[in-house]
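Everything below concerns the one structure shown next.
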Amino acid sequence: MATEFGDGYGRVPFAMTAEGVARAGLAGLRLGETICAPGLEDQAAVLDALLATESALLTGGNRPTPATRYGRPPAR
């Protein structure tokens with residue numbers, strides 16, 4: 001967001017104004033969106049990918065023992 005707080009605007013190549021973020025947030029509420037990412041054009045596709053990744057992490061990463069890489073001695 002383009003604000004003077006912490007000089008954030010000077011380091012961000014593309015920044016939305018505070019008013020733009022507020023307008024998008026209110027529009028998101030009207031649209032019934034649970035998550036509002038104002039600058040993201042295809043939000044549904046990105047959120048679908050995020051949910052798929054989270055699901056893969058939960059199902060593939062939930063095991064009773066540590067992954068094998070944690071059982072190896074450190075490389076020297």
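Chain labels run A, B, ... following the order of the structure tokens; each chain numbers its residues from 1, and ligands are numbered from 1 in the order shown.
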
- Item | Residue contacts of Leu47 in chain A (12 Å, only C-alpha atoms) excluding same-chain residues fewer than 4 positions away, as an MDAnalysis selection string | chainID A and resid 33:37 40:43 51:54

For the residues in the current selection, export C-alpha atoms as a JSON list (two decimals), in the first residue's frame.
```json
[["chain", "number", "residue", "atom", "x", "y", "z"],
["A", 33, "GLU", "CA", -15.31, -12.67, -0.13],
["A", 34, "THR", "CA", -13.64, -14.18, 2.91],
["A", 35, "ILE", "CA", -10.18, -13.17, 1.70],
["A", 36, "CYS", "CA", -9.52, -9.91, -0.09],
["A", 37, "ALA", "CA", -6.33, -9.54, -2.13],
["A", 40, "LEU", "CA", -4.82, -10.06, -7.47],
["A", 41, "GLU", "CA", -6.87, -10.28, -10.66],
["A", 42, "ASP", "CA", -7.63, -14.04, -10.76],
["A", 43, "GLN", "CA", -8.11, -14.57, -7.04],
["A", 51, "LEU", "CA", -5.93, -24.85, -0.98],
["A", 52, "ALA", "CA", -4.57, -27.71, -3.10],
["A", 53, "THR", "CA", -1.06, -27.05, -1.80],
["A", 54, "GLU", "CA", -2.28, -26.88, 1.79]]
```

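The spacing separating CA of Gly39 in chain A from CA of Ala27 in chain A amounts to 12.9 Å.
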
- Determine which residues of chain A receive a DSSP assignment of alpha helix (DSSP H), computed from the backbone, and state them as a VMD selection string. chain A and resid 8 to 11 18 to 31 43 to 60

- Go ahead and compute the interatomic distance for CA of Ala15 in chain A and CA of Val46 in chain A, in Å to one decimal. 19.9 Å

- CA of Leu31 in chain A and CA of Ser55 in chain A are how many Å apart? 25.7 Å

- Message: Which residues are near Pro38 in chain A? Cut-off 8 Å, only C-alpha atoms, ignore same chain within fewer than 3 positions. Put them as JSON, numbers by chain.
- Response: {"A": [21, 24, 25, 41]}
